[in-house]
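The structure file coords22.cif is reproduced below (mmCIF, C-alpha atoms).
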data_entry
loop_
_atom_site.label_atom_id
_atom_site.label_comp_id
_atom_site.auth_asym_id
_atom_site.auth_seq_id
_atom_site.Cartn_x
_atom_site.Cartn_y
_atom_site.Cartn_z
CA MET A 1 85.27 103.88 96.67
CA THR A 2 86.50 104.13 100.26
CA THR A 3 89.83 102.93 101.60
CA ALA A 4 91.12 101.65 104.95
CA ARG A 5 94.65 100.60 105.84
CA LEU A 6 95.33 97.62 108.06
CA ARG A 7 98.36 96.29 109.90
CA PHE A 8 99.17 92.58 109.91
CA LEU A 9 98.97 90.92 113.33
CA GLY A 10 98.79 87.22 112.59
CA THR A 11 98.01 84.75 109.87
CA LEU A 12 97.72 81.02 109.42
CA MET A 13 97.33 79.51 105.99
CA ILE A 14 97.55 76.36 103.99
CA VAL A 15 96.99 76.23 100.24
CA PHE A 16 95.12 73.41 98.52
CA GLY A 17 96.41 72.72 95.04
CA CYS A 18 92.92 72.36 93.61
CA LEU A 19 91.82 75.82 94.69
CA SER A 20 92.01 78.87 92.48
CA SER A 21 92.58 81.09 95.51
CA ALA A 22 94.56 80.69 98.72
CA PHE A 23 91.60 82.32 100.43
CA GLY A 24 89.53 79.18 99.88
CA GLN A 25 85.97 79.08 98.60
CA ILE A 26 84.36 81.50 101.05
CA VAL A 27 85.68 84.09 103.48
CA VAL A 28 83.90 85.27 106.61
CA PHE A 29 85.07 88.86 107.16
CA GLU A 30 84.30 90.02 110.69
CA SER A 31 84.73 93.65 111.75
CA ARG A 32 85.16 94.58 115.42
CA TYR A 33 85.50 97.76 117.43
CA VAL A 34 87.90 97.47 120.37
CA PRO A 35 88.20 100.38 122.83
CA ALA A 36 91.73 101.67 123.41
CA GLU A 37 91.92 100.25 126.93
CA ASN A 38 91.15 96.73 125.66
CA LYS A 39 93.35 96.62 122.56
CA GLN A 40 96.38 94.85 124.02
CA GLU A 41 94.30 92.23 125.84
CA PHE A 42 92.25 91.65 122.69
CA ILE A 43 95.39 91.18 120.60
CA ASP A 44 96.92 88.87 123.22
CA ARG A 45 93.86 86.62 123.35
CA GLU A 46 93.49 86.44 119.59
CA THR A 47 97.16 85.71 118.90
CA THR A 48 97.77 83.46 121.90
CA TYR A 49 94.58 81.39 122.01
CA TRP A 50 92.29 81.81 119.01
CA SER A 51 95.15 81.58 116.53
CA GLU A 52 95.97 78.16 118.01
CA VAL A 53 92.34 77.06 117.76
CA ALA A 54 92.44 78.11 114.10
CA ARG A 55 95.76 76.32 113.62
CA GLN A 56 94.20 73.07 114.83
CA ALA A 57 91.26 73.49 112.45
CA ILE A 58 93.67 74.12 109.58
CA LYS A 59 95.55 70.92 110.41
CA GLU A 60 92.22 69.08 110.33
CA LEU A 61 91.42 70.68 106.93
CA LYS A 62 88.36 72.43 108.36
CA LEU A 63 89.80 75.87 107.65
CA VAL A 64 92.05 77.15 104.88
CA ARG A 65 93.25 80.39 106.40
CA TRP A 66 92.82 82.68 109.40
CA GLU A 67 94.03 86.27 109.65
CA LEU A 68 93.88 89.10 112.18
CA TRP A 69 94.44 92.70 111.08
CA GLN A 70 94.41 96.04 112.91
CA ARG A 71 93.29 99.24 111.23
CA VAL A 72 95.91 102.00 111.26
CA SER A 73 94.32 104.75 109.12
CA GLY A 74 91.21 105.75 107.22
CA LEU A 75 87.97 107.62 107.88
CA ASN A 76 86.47 107.55 111.41
CA ILE A 77 89.34 105.44 112.71
CA ASP A 78 88.53 106.33 116.33
CA GLU A 79 84.85 105.48 116.01
CA GLY A 80 84.37 102.58 113.61
CA ALA A 81 85.75 99.06 113.36
CA ASN A 82 89.46 98.89 114.11
CA PHE A 83 90.13 95.13 113.97
CA PHE A 84 89.24 92.62 111.27
CA ILE A 85 89.24 88.82 111.36
CA ALA A 86 89.21 86.92 108.05
CA THR A 87 88.39 83.24 108.28
CA SER A 88 88.57 81.19 105.09
CA TYR A 89 86.69 77.94 104.56
CA LYS A 90 87.39 75.38 101.86
CA ARG A 91 83.70 74.53 101.46
CA THR A 92 80.55 76.47 102.26
CA ARG A 93 79.22 73.54 104.28
CA ASP A 94 82.21 73.79 106.61
CA ILE A 95 80.69 76.99 108.03
CA ASP A 96 77.98 74.78 109.56
CA ARG A 97 80.75 73.18 111.61
CA SER A 98 81.72 76.48 113.25
CA PRO A 99 80.63 75.44 116.78
CA GLU A 100 82.94 72.45 116.52
CA ILE A 101 85.76 74.37 114.87
CA TRP A 102 85.76 77.17 117.46
CA ASN A 103 85.32 74.94 120.51
CA TYR A 104 88.48 76.16 122.24
CA ARG A 105 88.42 73.33 124.80
CA ARG A 106 89.70 70.98 122.10
CA VAL A 107 92.97 72.93 122.24
CA PHE A 108 92.87 74.48 125.71
CA PRO A 109 90.86 72.03 127.85
CA ASN A 110 91.80 73.73 131.13
CA MET A 111 91.12 77.33 130.12
CA ASP A 112 88.22 79.26 131.61
CA GLU A 113 85.98 81.00 129.11
CA ALA A 114 86.41 84.29 130.95
CA ASP A 115 90.14 84.22 130.21
CA ILE A 116 89.82 83.59 126.48
CA GLU A 117 86.59 85.20 125.22
CA ILE A 118 86.68 88.48 123.29
CA GLU A 119 83.02 89.53 123.47
CA SER A 120 83.54 91.56 126.64
CA LEU A 121 86.53 93.32 125.09
CA SER A 122 85.01 94.26 121.74
CA THR A 123 81.85 94.83 119.72
CA ARG A 124 81.14 93.10 116.42
CA THR A 125 80.18 95.82 113.96
CA ASP A 126 79.72 93.74 110.82
CA GLU A 127 80.03 90.24 109.41
CA VAL A 128 80.18 89.68 105.67
CA TYR A 129 80.48 86.51 103.61
CA LEU A 130 82.81 87.07 100.68
CA PHE A 131 83.58 85.10 97.54
CA PRO A 132 87.23 85.25 96.39
CA GLN A 133 87.44 85.99 92.67
CA VAL A 134 91.16 86.23 91.89
CA GLU A 135 94.43 86.96 93.68
CA ILE A 136 98.13 87.62 93.11
CA ARG A 137 100.63 86.93 95.88
CA LYS A 138 104.31 87.73 95.49
CA SER A 139 104.96 87.65 99.24
CA GLN A 140 103.15 87.95 102.57
CA PRO A 141 102.13 91.60 103.17
CA ASN A 142 102.55 93.42 106.48
CA PHE A 143 100.06 96.13 105.61
CA LEU A 144 96.86 96.10 103.56
CA ARG A 145 95.05 98.83 101.67
CA VAL A 146 91.40 97.74 101.45
CA ASN A 147 89.27 99.43 98.80
CA PHE A 148 85.51 99.07 99.23
CA ALA A 149 83.55 99.47 96.00
CA GLN A 150 79.86 99.75 95.16
CA ALA A 151 79.62 98.54 91.56
CA SER A 152 76.47 99.36 89.62
CA ASP A 153 77.17 96.40 87.31
CA ILE A 154 78.92 93.79 89.43
CA GLY A 155 79.46 91.43 86.51
CA ARG A 156 81.23 94.10 84.45
CA TYR A 157 83.23 95.20 87.49
CA ILE A 158 84.49 91.65 88.12
CA GLU A 159 85.41 91.32 84.44
CA LEU A 160 87.45 94.55 84.44
CA GLU A 161 89.23 93.82 87.72
CA SER A 162 89.92 90.16 86.88
CA ASN A 163 91.12 90.68 83.32
CA VAL A 164 92.42 94.23 83.00
CA TRP A 165 93.67 95.36 86.42
CA HIS A 166 94.85 91.87 87.41
CA SER A 167 97.06 91.69 84.31
CA PHE A 168 98.41 95.19 84.93
CA VAL A 169 99.35 94.51 88.56
CA LYS A 170 100.84 91.09 87.80
CA GLY A 171 102.97 92.54 85.03
CA ARG A 172 104.35 95.22 87.34
CA MET A 173 105.02 92.66 90.09
CA ASP A 174 106.83 90.33 87.71
CA ALA A 175 108.99 93.24 86.51
CA ASN A 176 109.62 94.52 90.08
CA GLN A 177 108.06 97.84 89.10
CA THR A 178 105.64 98.25 92.00
CA ASN A 179 105.69 98.23 95.80
CA VAL A 180 102.50 96.13 95.82
CA VAL A 181 103.29 92.56 96.96
CA SER A 182 99.78 91.06 96.85
CA TRP A 183 96.40 91.83 95.35
CA ASP A 184 92.96 90.26 95.89
CA LEU A 185 89.47 90.74 94.51
CA LEU A 186 86.50 89.56 96.55
CA THR A 187 82.76 90.09 96.11
CA VAL A 188 80.01 90.15 98.73
CA MET A 189 77.81 87.06 98.91
CA VAL A 190 75.68 87.97 101.95
CA PRO A 191 74.30 90.15 103.34
CA GLY A 192 73.39 92.25 100.34
CA GLY A 193 70.74 94.92 99.89
CA VAL A 194 70.68 98.64 99.26
CA ASP A 195 71.78 99.43 102.82
CA ARG A 196 75.24 97.95 102.28
CA SER A 197 77.74 100.55 101.08
CA TYR A 198 79.86 98.09 99.08
CA ASN A 199 79.40 94.90 97.09
CA ALA A 200 83.05 94.21 96.27
CA LEU A 201 86.48 94.96 97.61
CA THR A 202 90.05 94.84 96.42
CA ILE A 203 93.01 94.40 98.75
CA ASP A 204 96.49 95.70 97.96
CA GLY A 205 99.29 94.29 100.13
CA PHE A 206 102.53 96.06 101.08
CA LYS A 207 105.62 95.40 103.16
CA THR A 208 105.69 98.83 104.86
CA LEU A 209 103.19 101.44 105.97
CA SER A 210 104.90 104.09 103.85
CA ALA A 211 104.34 101.91 100.78
CA ALA A 212 100.66 101.46 101.71
CA LEU A 213 100.31 105.22 102.02
CA GLN A 214 101.91 105.76 98.60
CA PRO A 215 101.38 102.83 96.21
CA SER A 216 103.61 103.11 93.18
CA TYR A 217 103.77 101.58 89.70
CA ASP A 218 106.96 103.25 88.43
CA ASN A 219 105.18 105.88 86.31
CA ALA A 220 103.31 103.22 84.38
CA GLU A 221 100.41 104.10 82.12
CA TYR A 222 97.30 102.91 83.92
CA PRO A 223 94.80 100.75 82.03
CA ASN A 224 91.34 101.98 81.14
CA LEU A 225 88.80 100.50 83.56
CA GLU A 226 85.67 102.03 82.05
#
Target format structure tokens, applied to this file:
Amino acid sequence: MTTARLRFLGTLMIVFGCLSSAFGQIVVFESRYVPAENKQEFIDRETTYWSEVARQAIKELKLVRWELWQRVSGLNIDEGANFFIATSYKRTRDIDRSPEIWNYRRVFPNMDEADIEIESLSTRTDEVYLFPQVEIRKSQPNFLRVNFAQASDIGRYIELESNVWHSFVKGRMDANQTNVVSWDLLTVMVPGGVDRSYNALTIDGFKTLSAALQPSYDNAEYPNLE
């Protein structure tokens, strides 16, 4: 299992009462590499313009949630993806409406594409479609610890995470005996195949970077996940 730590930059979310997860029914997880000289401009465009385009789509119930995160630690941090965009759709068929959803002229009719696009500032390194399995959310995290897992038996893995680890984390949260403030389990829908290094991921949320670097459960006895 490999781990990366991310810093919160922006989020927009609404929660539908009929959904089991605030993530929605499907999450498009896009990884991007942004060179150092382009980072601030990339962040400015995403948080100033594309967050507003997402906000409009959320108001229209075409999106459930949009988040932008910046990687702050982990392996090959200077070479691999350093920004991540998570876009959550209520229904799979809503993904077919992406050209309409991301038509920025609906929100910024007078903007030139050259002043808003991010393709010239960054390189997309991966795009994965994820299915949210279960989540716990005590409060909005500022930092994430993302654990990428390659499960040999994905069904058994989901069962253990959903039933055993989920109960453990929730119990510690309810008792204020952990610095974890959110937890999510998602599995890869597409693309799959033997070339992909992970087929599931868990996301631990924290308020501070120091907490993300040292997750704690107040000396609790950890459950058996075998």
Write out as a tab-separated table a residue-level contact list of stretch 123-222 of chain A versus stretch 87-110 of chain A with cut-off 10 Å: for each qualifying residue the closest pair of atoms and the distance in Å to one decimal, counting only C-alpha atoms, rows sorted by chain and residue number upward.
residue	atom	partner	partner_atom	distance
A:Tyr129	CA	A:Thr87	CA	9.8
A:Leu130	CA	A:Ser88	CA	9.3
A:Phe131	CA	A:Ser88	CA	9.9
A:Pro132	CA	A:Ser88	CA	9.7
Write the selection just made, keeping C-alpha atoms, as a short mmCIF file (atom, residue, chain, number, x, y, z; two decimals), in the coordinates of the input?
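And here's out34.cif as it stands now:
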data_model
loop_
_atom_site.label_atom_id
_atom_site.label_comp_id
_atom_site.auth_asym_id
_atom_site.auth_seq_id
_atom_site.Cartn_x
_atom_site.Cartn_y
_atom_site.Cartn_z
CA TYR A 129 80.48 86.51 103.61
CA LEU A 130 82.81 87.07 100.68
CA PHE A 131 83.58 85.10 97.54
CA PRO A 132 87.23 85.25 96.39
#
Written as a ChimeraX atom specification, what is the full residue list that the PyMOL selection byres ((chain A and resi 215) around 10) yields on the file shown? /A:145,178-180,204-206,210-214,216-218
Could you save the residues just selected, with C-alpha atoms, as a JSON list (two decimals), keeping the file's coordinate frame?
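The resulting out35.json:
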[["chain", "number", "residue", "atom", "x", "y", "z"],
["A", 145, "ARG", "CA", 95.05, 98.83, 101.67],
["A", 178, "THR", "CA", 105.64, 98.25, 92.00],
["A", 179, "ASN", "CA", 105.69, 98.23, 95.80],
["A", 180, "VAL", "CA", 102.50, 96.13, 95.82],
["A", 204, "ASP", "CA", 96.49, 95.70, 97.96],
["A", 205, "GLY", "CA", 99.29, 94.29, 100.13],
["A", 206, "PHE", "CA", 102.53, 96.06, 101.08],
["A", 210, "SER", "CA", 104.90, 104.09, 103.85],
["A", 211, "ALA", "CA", 104.34, 101.91, 100.78],
["A", 212, "ALA", "CA", 100.66, 101.46, 101.71],
["A", 213, "LEU", "CA", 100.31, 105.22, 102.02],
["A", 214, "GLN", "CA", 101.91, 105.76, 98.60],
["A", 216, "SER", "CA", 103.61, 103.11, 93.18],
["A", 217, "TYR", "CA", 103.77, 101.58, 89.70],
["A", 218, "ASP", "CA", 106.96, 103.25, 88.43]]
Which residues match the PyMOL selection byres ((chain A and resi 49) around 10) in the file above, as a PDB file with C-alpha atoms, keeping the file's coordinate frame?
ATOM      1  CA  ILE A  43      95.390  91.180 120.600  1.00  0.00           C
ATOM      2  CA  ASP A  44      96.920  88.870 123.220  1.00  0.00           C
ATOM      3  CA  ARG A  45      93.860  86.620 123.350  1.00  0.00           C
ATOM      4  CA  GLU A  46      93.490  86.440 119.590  1.00  0.00           C
ATOM      5  CA  THR A  47      97.160  85.710 118.900  1.00  0.00           C
ATOM      6  CA  THR A  48      97.770  83.460 121.900  1.00  0.00           C
ATOM      7  CA  TRP A  50      92.290  81.810 119.010  1.00  0.00           C
ATOM      8  CA  SER A  51      95.150  81.580 116.530  1.00  0.00           C
ATOM      9  CA  GLU A  52      95.970  78.160 118.010  1.00  0.00           C
ATOM     10  CA  VAL A  53      92.340  77.060 117.760  1.00  0.00           C
ATOM     11  CA  ALA A  54      92.440  78.110 114.100  1.00  0.00           C
ATOM     12  CA  ARG A  55      95.760  76.320 113.620  1.00  0.00           C
ATOM     13  CA  TYR A 104      88.480  76.160 122.240  1.00  0.00           C
ATOM     14  CA  VAL A 107      92.970  72.930 122.240  1.00  0.00           C
ATOM     15  CA  PHE A 108      92.870  74.480 125.710  1.00  0.00           C
ATOM     16  CA  MET A 111      91.120  77.330 130.120  1.00  0.00           C
ATOM     17  CA  ASP A 115      90.140  84.220 130.210  1.00  0.00           C
ATOM     18  CA  ILE A 116      89.820  83.590 126.480  1.00  0.00           C
ATOM     19  CA  GLU A 117      86.590  85.200 125.220  1.00  0.00           C
TER      20      GLU A 117
END
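Atom pair atom CA of A:Leu160 / atom CA of A:Asn176 has a distance of 22.9 Å (rounded to one decimal).
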Point-to-point distance from atom CA of A:Lys39 to atom CA of A:Val181, Å rounded to tenths: 27.8 Å
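Nearest residue to A:Val188, choosing from A:Met173, A:Leu144, A:Ile158, A:Ala114 and counting all atoms listed in the file: A:Ile158.
Candidate residues A:Glu79, A:Glu41, A:Glu60, A:Glu135 were compared for distance to A:Glu119, and the nearest is A:Glu41, using only C-alpha atoms.
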Quick one: of A:Glu159, A:Asp195, A:Asp153, A:Asp174, who's nearest to A:Ser139, counting all atoms listed in the file?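 Of A:Glu159, A:Asp195, A:Asp153, A:Asp174, the one nearest A:Ser139, counting all atoms listed in the file, is A:Asp174.
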Please identify all polymer residues lying at most 9 Å from the point (95.5, 93.5, 88.9) (file coordinates), using only C-alpha atoms, and present the result as a ChimeraX atom specification. /A:134-136,161-171,183-185
To one decimal in Å, tell me the separation between atom CA of A:Asn82 and atom CA of A:Ala151.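 Those two atoms sit 24.6 Å apart.
In terms of minimum interatomic distance to A:Ser122, A:Phe84 ranks closest within A:Phe84, A:Phe29, A:Tyr222, A:Tyr198, counting all atoms listed in the file.
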For A:Gln133, which residue out of A:Thr202, A:Lys59, A:Glu226, A:Pro191 is the nearest one, using all atoms listed in the file? A:Thr202
Taking all atoms of stretch 173-178 of chain A that the file lists, what box with edges along x, y and z, padded by 8 Å per side, do you get, with centre and edge lengths in Å to one decimal, as lines of an AutoDock Vina configuration file?
center_x = 107.3
center_y = 94.3
center_z = 89.3
size_x = 20.6
size_y = 23.9
size_z = 21.5
If the PyMOL selection byres ((chain A and resi 200) around 7) were run on this exact file, what residues would it hold? Put them as a PyMOL selection string. chain A and resi 148-150+186-188+198-199+201
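Shortest separation to A:Tyr157 among A:Ala175, A:Leu225, A:Glu127, A:Asn142 occurs at residue A:Leu225, atoms counted being only C-alpha atoms.
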Give me stretch 145-156 of chain A with all heavy atoms filled in, as a short mmCIF file (atom, residue, chain, number, x, y, z; two decimals), keeping the file's coordinate frame.
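Output file selection_33.cif follows:
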data_model
loop_
_atom_site.label_atom_id
_atom_site.label_comp_id
_atom_site.auth_asym_id
_atom_site.auth_seq_id
_atom_site.Cartn_x
_atom_site.Cartn_y
_atom_site.Cartn_z
N ARG A 145 95.87 97.68 102.06
CA ARG A 145 95.05 98.83 101.67
C ARG A 145 93.77 98.24 101.09
O ARG A 145 93.77 97.65 100.00
CB ARG A 145 95.78 99.67 100.63
CG ARG A 145 95.10 100.99 100.27
CD ARG A 145 95.90 101.70 99.19
NE ARG A 145 95.29 102.96 98.83
CZ ARG A 145 95.76 104.15 99.17
NH1 ARG A 145 96.86 104.23 99.89
NH2 ARG A 145 95.15 105.26 98.79
N VAL A 146 92.67 98.36 101.83
CA VAL A 146 91.40 97.74 101.45
C VAL A 146 90.51 98.78 100.79
O VAL A 146 90.20 99.81 101.40
CB VAL A 146 90.69 97.12 102.68
CG1 VAL A 146 89.41 96.41 102.24
CG2 VAL A 146 91.62 96.14 103.40
N ASN A 147 90.10 98.50 99.57
CA ASN A 147 89.27 99.43 98.80
C ASN A 147 87.87 98.85 98.67
O ASN A 147 87.68 97.79 98.05
CB ASN A 147 89.88 99.63 97.41
CG ASN A 147 91.35 100.05 97.48
OD1 ASN A 147 91.66 101.14 97.94
ND2 ASN A 147 92.24 99.18 97.05
N PHE A 148 86.90 99.52 99.26
CA PHE A 148 85.51 99.07 99.23
C PHE A 148 84.80 99.75 98.06
O PHE A 148 84.79 100.97 97.94
CB PHE A 148 84.81 99.44 100.54
CG PHE A 148 85.44 98.79 101.76
CD1 PHE A 148 86.46 99.41 102.45
CD2 PHE A 148 84.99 97.55 102.20
CE1 PHE A 148 87.04 98.82 103.56
CE2 PHE A 148 85.56 96.95 103.31
CZ PHE A 148 86.60 97.59 104.00
N ALA A 149 84.18 98.94 97.21
CA ALA A 149 83.55 99.47 96.00
C ALA A 149 82.07 99.10 95.94
O ALA A 149 81.68 98.00 96.34
CB ALA A 149 84.27 98.93 94.76
N GLN A 150 81.26 100.01 95.43
CA GLN A 150 79.86 99.75 95.16
C GLN A 150 79.68 99.79 93.65
O GLN A 150 79.58 100.87 93.04
CB GLN A 150 78.97 100.79 95.84
CG GLN A 150 77.48 100.58 95.64
CD GLN A 150 76.97 99.27 96.22
OE1 GLN A 150 76.91 98.27 95.50
NE2 GLN A 150 76.63 99.26 97.49
N ALA A 151 79.70 98.62 93.02
CA ALA A 151 79.62 98.54 91.56
C ALA A 151 78.16 98.52 91.11
O ALA A 151 77.36 97.74 91.63
CB ALA A 151 80.34 97.29 91.08
N SER A 152 77.84 99.35 90.15
CA SER A 152 76.47 99.36 89.62
C SER A 152 76.21 98.14 88.76
O SER A 152 75.08 97.65 88.66
CB SER A 152 76.24 100.65 88.80
OG SER A 152 77.20 100.75 87.75
N ASP A 153 77.26 97.62 88.11
CA ASP A 153 77.17 96.40 87.31
C ASP A 153 78.26 95.47 87.81
O ASP A 153 79.40 95.54 87.37
CB ASP A 153 77.37 96.73 85.83
CG ASP A 153 77.18 95.51 84.92
OD1 ASP A 153 77.31 94.37 85.41
OD2 ASP A 153 76.93 95.72 83.71
N ILE A 154 77.91 94.61 88.76
CA ILE A 154 78.92 93.79 89.43
C ILE A 154 79.61 92.83 88.46
O ILE A 154 80.81 92.56 88.58
CB ILE A 154 78.30 93.02 90.62
CG1 ILE A 154 79.40 92.36 91.47
CG2 ILE A 154 77.27 92.03 90.15
CD1 ILE A 154 80.33 93.32 92.14
N GLY A 155 78.87 92.32 87.48
CA GLY A 155 79.46 91.43 86.51
C GLY A 155 80.55 92.11 85.70
O GLY A 155 81.63 91.56 85.48
N ARG A 156 80.26 93.33 85.23
CA ARG A 156 81.23 94.10 84.45
C ARG A 156 82.43 94.48 85.32
O ARG A 156 83.57 94.45 84.86
CB ARG A 156 80.55 95.35 83.90
CG ARG A 156 81.48 96.28 83.10
CD ARG A 156 82.09 95.59 81.90
NE ARG A 156 82.87 96.53 81.10
CZ ARG A 156 83.80 96.17 80.25
NH1 ARG A 156 84.09 94.89 80.07
NH2 ARG A 156 84.46 97.08 79.54
#
